[in-house]
$ cat data27.txt   # compact mmCIF, C-alpha atoms and all ligand atoms
# COMPACT_ATOMS: atom_id res chain seq x y z
CA MET A 219 6.72 -15.70 13.11
CA ILE A 220 4.54 -16.81 10.20
CA LYS A 221 6.16 -18.97 7.55
CA LEU A 222 4.53 -19.54 4.18
CA TYR A 223 5.39 -21.35 0.99
CA ASN A 224 5.87 -18.77 -1.73
CA THR A 225 5.06 -20.26 -5.13
CA PHE A 226 7.15 -17.62 -6.86
CA THR A 227 10.41 -18.52 -5.08
CA ARG A 228 9.34 -22.15 -4.46
CA LYS A 229 10.53 -21.79 -0.88
CA ILE A 230 9.05 -21.52 2.59
CA GLU A 231 9.73 -17.96 3.71
CA GLU A 232 9.06 -15.78 6.71
CA PHE A 233 6.03 -13.64 5.96
CA LYS A 234 6.70 -9.94 6.40
CA PRO A 235 4.13 -7.40 5.20
CA LEU A 236 5.34 -4.13 3.67
CA LYS A 237 3.63 -2.10 6.38
CA PRO A 238 4.16 -3.68 9.79
CA GLY A 239 0.88 -4.97 11.19
CA LEU A 240 -1.12 -4.69 7.96
CA VAL A 241 -1.49 -7.27 5.21
CA GLY A 242 -2.72 -6.33 1.73
CA MET A 243 -4.25 -9.51 0.34
CA TYR A 244 -5.65 -9.99 -3.15
CA THR A 245 -7.66 -13.05 -4.15
CA CYS A 246 -8.84 -13.95 -7.64
CA GLY A 247 -12.58 -14.21 -7.33
CA PRO A 248 -15.14 -16.14 -9.33
CA THR A 249 -16.41 -15.71 -12.85
CA VAL A 250 -20.08 -15.52 -12.02
CA TYR A 251 -21.79 -17.61 -14.68
CA GLY A 252 -22.94 -20.57 -12.60
CA PRO A 253 -23.30 -21.91 -9.07
CA GLY A 254 -20.13 -22.56 -7.06
CA HIS A 255 -18.80 -26.12 -6.90
CA LEU A 256 -16.76 -28.01 -4.32
CA GLY A 257 -13.47 -26.95 -5.92
CA HIS A 258 -14.41 -23.31 -5.26
CA ALA A 259 -15.50 -24.19 -1.74
CA ARG A 260 -12.10 -25.69 -0.95
CA SER A 261 -10.11 -22.80 -2.47
CA TYR A 262 -12.06 -20.09 -0.69
CA THR A 263 -11.92 -22.00 2.60
CA ASN A 264 -8.13 -22.19 2.29
CA PHE A 265 -7.88 -18.45 1.55
CA ASP A 266 -10.08 -17.87 4.59
CA LEU A 267 -7.80 -19.98 6.79
CA LEU A 268 -4.85 -17.91 5.62
CA LYS A 269 -6.67 -14.67 6.39
CA ARG A 270 -7.69 -15.95 9.82
CA LEU A 271 -4.06 -16.97 10.44
CA PHE A 272 -3.01 -13.35 9.91
CA LEU A 273 -5.78 -12.06 12.16
CA TYR A 274 -4.95 -14.62 14.87
CA ASN A 275 -1.38 -13.35 14.83
CA GLY A 276 -2.65 -9.85 15.51
CA LEU A 277 -2.26 -8.50 11.97
CA LYS A 278 -4.89 -6.44 10.21
CA VAL A 279 -5.91 -7.59 6.75
CA LYS A 280 -7.18 -5.56 3.82
CA HIS A 281 -8.73 -8.17 1.58
CA VAL A 282 -9.77 -7.57 -2.03
CA LEU A 283 -11.68 -10.23 -3.93
CA ASN A 284 -12.63 -9.35 -7.49
CA ILE A 285 -15.70 -10.52 -9.32
CA THR A 286 -15.36 -11.26 -13.01
CA ASP A 287 -18.58 -10.14 -14.62
CA ILE A 288 -17.34 -9.99 -18.21
CA HIS A 289 -15.57 -13.00 -19.73
CA ASP A 290 -15.76 -15.37 -22.73
CA ASP A 291 -17.57 -17.94 -20.57
CA MET A 292 -20.11 -15.36 -19.38
CA ILE A 293 -20.96 -14.21 -22.89
CA LYS A 294 -21.48 -17.81 -23.97
CA LYS A 295 -23.68 -18.66 -20.98
CA ALA A 296 -25.77 -15.48 -21.22
CA ARG A 297 -26.44 -16.30 -24.85
CA GLU A 298 -27.63 -19.80 -23.94
CA LEU A 299 -29.97 -18.40 -21.30
CA GLU A 300 -31.08 -15.50 -23.53
CA ILE A 301 -30.29 -12.91 -20.87
CA THR A 302 -27.70 -10.13 -20.70
CA VAL A 303 -24.27 -10.71 -19.23
CA GLN A 304 -25.14 -8.25 -16.43
CA GLU A 305 -28.31 -10.17 -15.59
CA LEU A 306 -26.29 -13.35 -15.46
CA ALA A 307 -23.83 -11.75 -13.02
CA ASP A 308 -26.63 -10.33 -10.86
CA ARG A 309 -28.11 -13.80 -10.62
CA TYR A 310 -24.95 -15.52 -9.40
CA ILE A 311 -23.16 -12.93 -7.25
CA PRO A 312 -25.62 -13.29 -4.31
CA LEU A 313 -25.38 -17.09 -4.57
CA PHE A 314 -21.59 -16.89 -4.40
CA LYS A 315 -21.77 -14.76 -1.25
CA LYS A 316 -24.33 -17.12 0.28
CA ASP A 317 -22.00 -20.09 -0.31
CA LEU A 318 -19.17 -18.22 1.41
CA ALA A 319 -21.38 -17.39 4.39
CA ASP A 320 -22.53 -21.02 4.71
CA LEU A 321 -18.90 -22.08 4.94
CA ASN A 322 -18.26 -19.38 7.58
CA ILE A 323 -15.79 -17.60 5.32
CA LEU A 324 -15.07 -14.06 6.48
CA PRO A 325 -16.23 -11.50 3.91
CA ALA A 326 -13.63 -9.53 1.93
CA ASP A 327 -13.34 -5.78 2.44
CA VAL A 328 -14.08 -5.05 -1.21
CA TYR A 329 -15.64 -7.09 -4.01
CA PRO A 330 -14.88 -4.98 -7.09
CA ARG A 331 -16.84 -5.90 -10.22
CA VAL A 332 -14.84 -5.65 -13.40
CA THR A 333 -17.43 -3.74 -15.42
CA GLU A 334 -17.38 -0.94 -12.85
CA TYR A 335 -13.69 -0.29 -13.56
CA ILE A 336 -13.52 -0.03 -17.34
CA PRO A 337 -11.93 3.51 -17.36
CA GLU A 338 -9.15 2.30 -15.02
CA ILE A 339 -8.61 -0.77 -17.21
CA ILE A 340 -8.34 1.35 -20.36
CA LYS A 341 -5.87 3.62 -18.56
CA MET A 342 -3.55 0.74 -17.67
CA ILE A 343 -3.71 -0.70 -21.18
CA LYS A 344 -2.78 2.75 -22.52
CA VAL A 345 0.30 2.81 -20.27
CA LEU A 346 1.31 -0.61 -21.62
CA VAL A 347 0.86 0.56 -25.22
CA ASP A 348 2.81 3.77 -24.53
CA LYS A 349 5.66 1.77 -22.99
CA SER A 350 5.61 -0.60 -26.00
CA PHE A 351 4.73 -3.64 -23.93
CA ALA A 352 1.50 -3.89 -25.88
CA TYR A 353 0.50 -3.45 -29.51
CA ILE A 354 -2.69 -2.88 -31.42
CA ALA A 355 -3.80 -5.57 -33.85
CA LYS A 356 -5.55 -4.81 -37.13
CA ASP A 357 -9.02 -5.53 -35.75
CA GLY A 358 -8.57 -3.04 -32.89
CA SER A 359 -7.69 -5.61 -30.23
CA VAL A 360 -4.72 -4.87 -27.99
CA TYR A 361 -2.21 -7.61 -27.16
CA PHE A 362 0.54 -7.90 -24.57
CA ASP A 363 3.88 -8.64 -26.21
CA ILE A 364 5.35 -11.33 -23.96
CA ALA A 365 8.77 -11.15 -25.66
CA LYS A 366 9.16 -7.61 -24.28
CA PHE A 367 8.76 -8.71 -20.69
CA LYS A 368 12.00 -10.34 -19.55
CA ASN A 369 10.55 -12.18 -16.55
CA TYR A 370 7.69 -13.81 -18.43
CA GLY A 371 7.21 -17.40 -17.28
CA LYS A 372 9.02 -17.11 -13.93
CA LEU A 373 6.01 -18.06 -11.80
CA SER A 374 4.93 -21.11 -13.74
CA GLY A 375 8.45 -22.08 -14.80
CA ILE A 376 8.10 -21.61 -18.56
CA LYS A 377 11.24 -20.63 -20.42
CA LEU A 378 10.54 -17.80 -22.83
CA GLU A 379 12.79 -19.38 -25.50
CA GLN A 380 10.22 -22.14 -25.67
CA ALA A 381 7.39 -19.68 -25.99
CA LYS A 382 6.07 -19.00 -29.40
CA THR A 383 6.64 -15.29 -29.38
CA GLY A 384 4.75 -13.32 -31.93
CA THR A 385 1.77 -15.68 -31.96
CA ARG A 386 -1.48 -14.55 -30.36
CA VAL A 387 -4.19 -16.09 -28.29
CA ALA A 388 -7.54 -14.36 -28.17
CA THR A 389 -9.37 -16.57 -25.67
CA ASP A 390 -9.35 -15.82 -21.93
CA LYS A 391 -8.36 -19.37 -20.98
CA TYR A 392 -5.57 -21.36 -22.65
CA GLU A 393 -2.99 -24.03 -21.89
CA LYS A 394 0.75 -23.75 -21.32
CA GLU A 395 1.44 -25.17 -24.76
CA GLN A 396 -0.30 -22.15 -26.19
CA THR A 397 2.02 -19.58 -24.57
CA SER A 398 1.73 -16.50 -26.74
CA ASP A 399 0.76 -12.84 -26.74
CA PHE A 400 -2.53 -12.47 -24.90
CA ALA A 401 -5.42 -10.04 -25.29
CA LEU A 402 -5.65 -7.01 -23.02
CA TRP A 403 -8.54 -5.55 -25.00
CA LYS A 404 -10.78 -7.47 -27.36
CA ALA A 405 -12.30 -5.76 -30.36
CA TRP A 406 -16.09 -5.87 -30.49
CA LYS A 407 -17.85 -8.75 -32.20
CA LYS A 408 -21.50 -8.60 -33.14
CA GLY A 409 -23.79 -9.51 -30.27
CA GLU A 410 -21.18 -8.91 -27.55
CA PRO A 411 -21.34 -6.19 -24.90
CA TYR A 412 -18.89 -3.35 -25.56
CA TRP A 413 -17.36 -0.18 -24.19
CA LEU A 414 -15.72 2.66 -26.08
CA SER A 415 -11.94 2.89 -25.99
CA PRO A 416 -9.11 4.67 -27.86
CA TRP A 417 -8.95 1.47 -29.98
CA GLY A 418 -12.63 1.40 -30.81
CA LYS A 419 -15.52 -0.60 -29.39
CA GLY A 420 -14.55 -3.61 -27.32
CA ARG A 421 -14.17 -5.21 -23.91
CA PRO A 422 -11.31 -6.06 -21.58
CA GLY A 423 -9.53 -9.43 -21.70
CA TRP A 424 -9.70 -11.46 -18.52
CA HIS A 425 -6.22 -10.97 -17.03
CA ILE A 426 -6.01 -7.17 -16.95
CA GLU A 427 -8.76 -6.76 -14.33
CA CYS A 428 -6.72 -8.23 -11.47
CA SER A 429 -3.71 -6.02 -12.21
CA VAL A 430 -5.96 -2.96 -12.21
CA MET A 431 -7.91 -3.79 -9.05
CA ALA A 432 -4.91 -4.90 -7.03
CA ASN A 433 -3.22 -1.64 -7.96
CA LYS A 434 -6.30 0.44 -7.18
CA TYR A 435 -6.98 -0.99 -3.73
CA LEU A 436 -3.62 -2.27 -2.52
CA GLY A 437 -0.95 -0.28 -4.39
CA LYS A 438 1.68 -1.12 -6.97
CA THR A 439 3.33 -3.79 -4.84
CA ILE A 440 1.01 -5.97 -2.81
CA ASP A 441 1.90 -8.24 0.09
CA LEU A 442 0.18 -11.39 -0.99
CA HIS A 443 -1.70 -12.69 -3.98
CA ALA A 444 -3.84 -15.78 -3.54
CA GLY A 445 -5.54 -17.99 -6.08
CA ALA A 446 -6.27 -21.57 -7.00
CA MET A 447 -3.37 -23.66 -8.33
CA ASP A 448 -4.88 -23.88 -11.82
CA LEU A 449 -4.72 -20.08 -12.21
CA LYS A 450 -0.91 -20.03 -12.11
CA PHE A 451 -0.82 -20.18 -15.87
CA PRO A 452 -1.80 -18.19 -17.79
CA HIS A 453 -3.75 -15.91 -15.46
CA HIS A 454 -1.22 -15.15 -12.73
CA GLU A 455 1.71 -15.15 -15.12
CA ASN A 456 -0.11 -12.53 -17.17
CA GLU A 457 -1.04 -10.48 -14.10
CA ILE A 458 2.65 -10.24 -13.18
CA ALA A 459 3.61 -9.24 -16.71
CA GLN A 460 0.95 -6.51 -16.95
CA SER A 461 1.51 -5.06 -13.48
CA GLU A 462 5.30 -5.06 -13.53
CA ALA A 463 5.51 -3.74 -17.08
CA ALA A 464 3.09 -0.90 -16.29
CA ASN A 465 4.37 0.03 -12.83
CA GLY A 466 8.06 -0.85 -13.06
CA VAL A 467 8.06 -2.48 -9.62
CA LYS A 468 7.50 -5.95 -8.20
CA PHE A 469 3.82 -6.94 -8.24
CA ALA A 470 3.36 -9.37 -5.33
CA ASN A 471 5.82 -10.34 -2.59
CA TYR A 472 4.13 -13.67 -1.85
CA TRP A 473 2.12 -16.00 -4.07
CA PHE A 474 -0.24 -18.36 -2.27
CA HIS A 475 -1.71 -21.18 -4.34
CA ALA A 476 -4.40 -23.49 -3.03
CA GLY A 477 -4.44 -27.15 -4.12
CA LEU A 478 -7.18 -28.60 -6.26
CA LEU A 479 -9.97 -30.97 -5.36
CA GLU A 480 -10.83 -34.25 -7.02
CA VAL A 481 -14.11 -36.08 -6.59
CA GLU A 482 -14.01 -39.81 -5.92
CA GLY A 483 -10.48 -39.95 -7.38
CA GLN A 484 -11.23 -38.06 -10.58
CA LYS A 485 -10.88 -34.52 -11.81
CA MET A 486 -14.23 -32.84 -11.32
CA SER A 487 -15.96 -32.17 -14.60
CA LYS A 488 -19.46 -31.82 -15.92
CA SER A 489 -18.86 -34.49 -18.57
CA LEU A 490 -17.89 -37.12 -15.97
CA GLY A 491 -21.03 -36.34 -14.00
CA ASN A 492 -19.04 -35.81 -10.79
CA TYR A 493 -19.46 -32.05 -10.75
CA ILE A 494 -20.85 -31.22 -7.30
CA GLU A 495 -22.34 -27.83 -6.53
CA ILE A 496 -21.92 -26.40 -3.03
CA LYS A 497 -25.69 -26.26 -2.49
CA GLU A 498 -25.81 -30.06 -2.99
CA ILE A 499 -24.18 -30.44 0.44
CA LYS A 500 -27.20 -28.98 2.21
CA LYS A 501 -29.63 -30.75 -0.10
CA ARG A 502 -28.17 -34.06 1.03
CA GLY A 503 -28.67 -33.09 4.66
CA PHE A 504 -25.09 -32.18 5.52
CA ASN A 505 -24.02 -29.15 7.49
CA PRO A 506 -21.78 -26.99 5.23
CA LEU A 507 -19.44 -26.69 8.21
CA ALA A 508 -18.89 -30.45 8.00
CA LEU A 509 -17.49 -29.73 4.54
CA ARG A 510 -15.32 -27.03 6.09
CA TYR A 511 -14.15 -29.55 8.71
CA LEU A 512 -13.29 -31.98 5.92
CA PHE A 513 -11.17 -29.30 4.19
CA LEU A 514 -9.33 -28.66 7.47
CA THR A 515 -8.07 -32.25 7.44
CA ALA A 516 -5.87 -31.73 4.34
CA HIS A 517 -2.97 -29.31 3.94
CA TYR A 518 -3.88 -26.42 1.67
CA ARG A 519 -1.22 -27.19 -0.93
CA SER A 520 -2.03 -30.86 -1.32
CA LYS A 521 -4.44 -32.30 -3.81
CA MET A 522 -7.52 -33.49 -1.98
CA ASN A 523 -9.92 -36.25 -2.84
CA PHE A 524 -13.55 -35.63 -1.93
CA THR A 525 -15.80 -38.60 -1.18
CA TRP A 526 -19.29 -38.61 0.35
CA LYS A 527 -18.02 -41.14 2.86
CA GLY A 528 -15.27 -38.74 3.87
CA LEU A 529 -17.89 -36.02 4.36
CA GLU A 530 -19.95 -38.32 6.57
CA GLY A 531 -16.85 -38.92 8.71
CA ALA A 532 -16.24 -35.18 8.94
CA GLN A 533 -19.82 -34.57 10.01
CA VAL A 534 -19.52 -37.15 12.79
CA ALA A 535 -16.21 -35.64 13.96
CA LEU A 536 -17.71 -32.16 13.97
CA GLN A 537 -20.72 -33.34 15.98
CA ARG A 538 -18.47 -35.06 18.49
CA LEU A 539 -16.41 -31.91 18.86
CA ARG A 540 -19.52 -29.80 19.32
CA SER A 541 -21.11 -32.01 21.95
CA ALA A 542 -17.79 -32.12 23.83
CA ILE A 543 -17.64 -28.34 23.75
CA SER A 544 -21.19 -27.86 24.95
CA GLN A 545 -20.39 -30.04 27.95
CA PHE A 546 -17.20 -28.12 28.69
CA GLN A 547 -19.23 -24.92 28.51
CA GLU A 548 -21.37 -26.12 31.43
CA ALA A 549 -18.40 -26.51 33.75
CA SER A 550 -17.65 -23.75 36.19
CA ARG A 551 -14.30 -22.08 36.52
CA ARG A 552 -11.85 -23.64 38.97
CA SER A 553 -8.53 -22.33 40.17
CA LEU A 554 -5.64 -23.88 38.33
CA SER A 555 -2.48 -25.51 39.53
CA GLN A 556 0.80 -24.33 38.05
CA GLU A 557 1.14 -27.69 36.33
CA LYS A 558 -2.18 -27.30 34.53
CA LEU A 559 -1.40 -23.72 33.52
CA THR A 560 1.84 -24.88 31.90
CA GLN A 561 -0.10 -27.60 30.10
CA ILE A 562 -2.56 -25.05 28.68
CA ASP A 563 0.28 -22.85 27.46
CA LYS A 564 1.88 -25.86 25.80
CA TYR A 565 -1.27 -26.68 23.83
CA LYS A 566 -1.56 -23.06 22.73
CA GLU A 567 2.06 -23.00 21.65
CA LYS A 568 1.73 -26.28 19.79
CA PHE A 569 -1.35 -25.06 17.92
CA LEU A 570 0.29 -21.77 16.97
CA GLU A 571 3.48 -23.51 15.87
CA ALA A 572 1.51 -25.83 13.57
CA ILE A 573 -0.53 -23.13 11.88
CA ASN A 574 2.32 -20.61 11.65
CA ASN A 575 4.41 -23.22 9.87
CA ASP A 576 2.93 -22.90 6.37
CA LEU A 577 -0.63 -23.11 7.64
CA LYS A 578 -0.55 -26.71 8.82
CA ILE A 579 -4.18 -26.82 9.87
CA PRO A 580 -4.36 -30.66 9.99
CA GLU A 581 -1.69 -30.56 12.71
CA GLY A 582 -3.67 -27.85 14.50
CA LEU A 583 -6.68 -30.14 14.39
CA VAL A 584 -4.66 -32.86 16.12
CA VAL A 585 -3.97 -30.41 18.96
CA VAL A 586 -7.72 -29.70 19.17
CA TRP A 587 -8.45 -33.37 19.88
CA GLU A 588 -5.55 -33.59 22.31
CA VAL A 589 -7.14 -30.75 24.28
CA VAL A 590 -10.54 -32.47 24.22
CA LYS A 591 -9.02 -35.65 25.67
CA SER A 592 -6.63 -33.92 28.09
CA ASN A 593 -7.04 -33.68 31.87
CA ILE A 594 -7.09 -29.89 32.06
CA PRO A 595 -10.29 -28.48 33.63
CA SER A 596 -13.31 -28.40 31.32
CA HIS A 597 -13.80 -24.68 31.50
CA ASP A 598 -10.25 -24.14 30.29
CA LYS A 599 -10.73 -26.64 27.49
CA TYR A 600 -13.74 -24.61 26.46
CA GLU A 601 -11.82 -21.35 26.37
CA LEU A 602 -8.87 -22.88 24.56
CA LEU A 603 -11.04 -24.47 21.88
CA LEU A 604 -12.92 -21.24 21.26
CA ASP A 605 -9.59 -19.51 20.93
CA PHE A 606 -8.49 -22.04 18.28
CA ASP A 607 -11.84 -21.66 16.55
CA GLN A 608 -10.91 -18.10 15.56
CA VAL A 609 -8.73 -19.82 12.97
CA LEU A 610 -10.73 -23.00 12.34
CA GLY A 611 -14.01 -21.14 11.85
CA LEU A 612 -16.25 -24.04 12.86
CA HIS A 613 -18.73 -21.82 14.74
CA LEU A 614 -17.99 -23.67 17.96
CA ALA A 615 -19.19 -20.80 20.17
CA ALA A 616 -22.59 -20.78 18.50
CA GLN A 617 -23.24 -24.21 19.92
CA LYS A 618 -26.65 -24.70 21.46
CA LYS A 619 -26.68 -26.80 24.57
CA VAL A 620 -26.88 -30.43 23.63
CA LYS A 621 -29.72 -32.24 25.39
CA ILE A 622 -28.30 -34.76 27.80
CA LYS A 623 -30.20 -37.96 28.25
CA ILE A 624 -30.82 -38.58 31.95
CA PRO A 625 -30.96 -42.27 32.95
CA SER A 626 -34.33 -43.46 34.31
CA LYS A 627 -32.77 -44.40 37.65
CA ILE A 628 -31.76 -40.77 38.16
CA THR A 629 -35.13 -39.37 37.07
CA SER A 630 -36.97 -41.63 39.51
CA LEU A 631 -34.60 -40.53 42.31
CA ILE A 632 -35.28 -36.91 41.38
CA ASP A 633 -39.04 -37.58 41.60
CA GLU A 634 -38.58 -39.30 44.96
CA ARG A 635 -36.63 -36.35 46.32
CA GLU A 636 -39.27 -33.97 45.07
CA GLN A 637 -41.98 -35.88 46.93
CA PHE A 638 -40.00 -35.82 50.20
CA ARG A 639 -39.50 -32.11 49.78
CA ARG A 640 -43.17 -31.51 49.19
CA GLY A 641 -43.90 -33.48 52.34
CA ASN A 642 -41.40 -31.35 54.24
CA GLN A 643 -39.27 -34.45 54.90
CA TRP A 644 -36.05 -32.51 54.48
CA LYS A 645 -33.70 -35.09 55.95
CA LYS A 646 -34.92 -37.83 53.63
CA ALA A 647 -34.86 -35.46 50.66
CA ASP A 648 -31.26 -34.64 51.46
CA GLU A 649 -30.32 -38.31 51.61
CA VAL A 650 -31.72 -38.86 48.13
CA ARG A 651 -29.81 -35.80 46.89
CA LYS A 652 -26.61 -37.39 48.17
CA GLN A 653 -27.46 -40.62 46.35
CA ILE A 654 -27.99 -38.69 43.11
CA GLU A 655 -24.65 -36.92 43.53
CA LYS A 656 -22.89 -40.21 44.23
CA LEU A 657 -24.06 -41.42 40.83
CA GLY A 658 -22.40 -38.41 39.26
CA TRP A 659 -25.46 -36.15 38.76
CA LYS A 660 -26.45 -32.86 40.28
ZN ZN A 701 -6.84 -12.77 -10.97
$ encode --input "data27.txt" --output "structure tokens"
Amino acid sequence: MIKLYNTFTRKIEEFKPLKPGLVGMYTCGPTVYGPGHLGHARSYTNFDLLKRLFLYNGLKVKHVLNITDIHDDMIKKARELEITVQELADRYIPLFKKDLADLNILPADVYPRVTEYIPEIIKMIKVLVDKSFAYIAKDGSVYFDIAKFKNYGKLSGIKLEQAKTGTRVATDKYEKEQTSDFALWKAWKKGEPYWLSPWGKGRPGWHIECSVMANKYLGKTIDLHAGAMDLKFPHHENEIAQSEAANGVKFANYWFHAGLLEVEGQKMSKSLGNYIEIKEIKKRGFNPLALRYLFLTAHYRSKMNFTWKGLEGAQVALQRLRSAISQFQEASRRSLSQEKLTQIDKYKEKFLEAINNDLKIPEGLVVVWEVVKSNIPSHDKYELLLDFDQVLGLHLAAQKKVKIKIPSKITSLIDEREQFRRGNQWKKADEVRKQIEKLGWK
């Protein structure tokens, strides 16, 4: 049984997909106007761990991750670079996918790009207008009327009485204090890309895309919606409002929010100069999987503090784990006593219990090291650790054999034995072989 914390109910609940055996999972993807930073790396790693948890439990996953290729931030950035918004997106989408691959994050099944779904977006906005959940402003923009949607604010815990109903916010991003009607469709402004709609030239607001794509690929009610903690308001709140108002049914059964990342004890921001891009990890000579290992050491919901020292520690731990595994790989299979078999089962159970209990990966990692240090046969350690790696995703199977340093005493004995053998002195050669074995070498 998988148990997960559901942000919507604020409780740990048993996870049950609508269709037994199949999970429909939607993740808010990136706005592609710059390289990914460590905050993204942590969020997407946590979504990946969740997906791997489902797979490890024998469930199939249909995973949709949208790509925002039209947004206030994109228009601004494209202007600065004197390129089109599409060119900007084309530049950063491959980099985003490369970052994911470096972190051994399993690819999604679909990566829908917003600008490829404009007719579907217009259609959903039309439904909202027809049902009077949305209204057309004088300039031809369309706004969602939050006063009409009774459950507005449930996810983030805002009381609608406090909300300034009737006021409007035109920007894609805004703070809780600004709670007001938000734009579904933005009327065209000079110099901006546009599409034709029943309300004139314009472009979609940010929030509508996720409602449309989740609906298109996963249906009206989806099993699980994942996103970073800072998207709870306004983005996810608005997704719920749009989807439930348009479809008349519950939008997502489970809400999974990944905790944020600080750098050296401070919120990451360009102005503080502590904004670290994912590619910086490799530039500084670290393996991106060491970063993944570091993320595994904190629970997904907790705030995490990144330090370069912490990353160094993670890299050392990962190397130690890898060299242990490559040695276990060498060992040949032995028959097992009942006692050892029970021990193996216990480790497996303990690991599964930890991860199935709200994805407690740090506890799973403790079991990993217990296995490494245990007295079960090496070959079985190897198999067990590779089994766990299906969730951890540390590429443990791809390990090349680690070169073992042979002490000079042993190499000289090997040479000696070789000389006896060449001289057909078999008995003496055999004696040396026994000496080598006594010292623990073969
Ligand atoms: Zn979204």
$ axis_aligned_box --input "data27.txt" --around "stretch 262-281 of chain A" --padding-each-side "3 Å" --output "AutoDock Vina command-line options"
--center_x -6.7 --center_y -13.9 --center_z 7.4 --size_x 16.7 --size_y 22.6 --size_z 22.2
$ residues_around --input "data27.txt" --residues "A:Asp441" --least-positions-apart "4" --cutoff "6 Å" --atoms "only C-alpha atoms" --output "list in words"
Pro235, Gly242, Ala470 and Asn471 of chain A
$ write_last_selection --input "data27.txt" --atoms "C-alpha atoms" --output "JSON list (two decimals), in the coordinates of the input"
[["chain", "number", "residue", "atom", "x", "y", "z"],
["A", 235, "PRO", "CA", 4.13, -7.40, 5.20],
["A", 242, "GLY", "CA", -2.72, -6.33, 1.73],
["A", 470, "ALA", "CA", 3.36, -9.37, -5.33],
["A", 471, "ASN", "CA", 5.82, -10.34, -2.59]]
$ residues_near_ligand --input "data27.txt" --ligand "ligand ZN 701 (chain A)" --cutoff "7 Å" --atoms "all atoms listed in the file" --output "list in words"
Thr245, Cys246, Gly247, His425, Cys428, His453, His454 and Glu457 of chain A
$ residues_around --input "data27.txt" --residues "A:Leu507" --least-positions-apart "6" --cutoff "8 Å" --atoms "all atoms listed in the file" --output "VMD selection string"
chain A and resid 320 to 322 612
$ atom_distance --input "data27.txt" --atom1 "atom CA of A:Leu378" --atom2 "atom CA of A:Leu222"
27.7 Å
$ atom_distance --input "data27.txt" --atom1 "atom CA of A:His255" --atom2 "atom CA of A:Asp290"
19.4 Å
$ closest_atom_pairs --input "data27.txt" --of "stretch 385-411 of chain A" --to "stretch 292-313 of chain A" --cutoff "10 Å" --atoms "all atoms listed in the file" --output "CSV"
residue,atom,partner,partner_atom,distance
A:Gly409,CA,A:Arg297,CA,9.1
A:Glu410,CA,A:Ile293,CA,7.1
A:Pro411,CA,A:Val303,CA,7.8
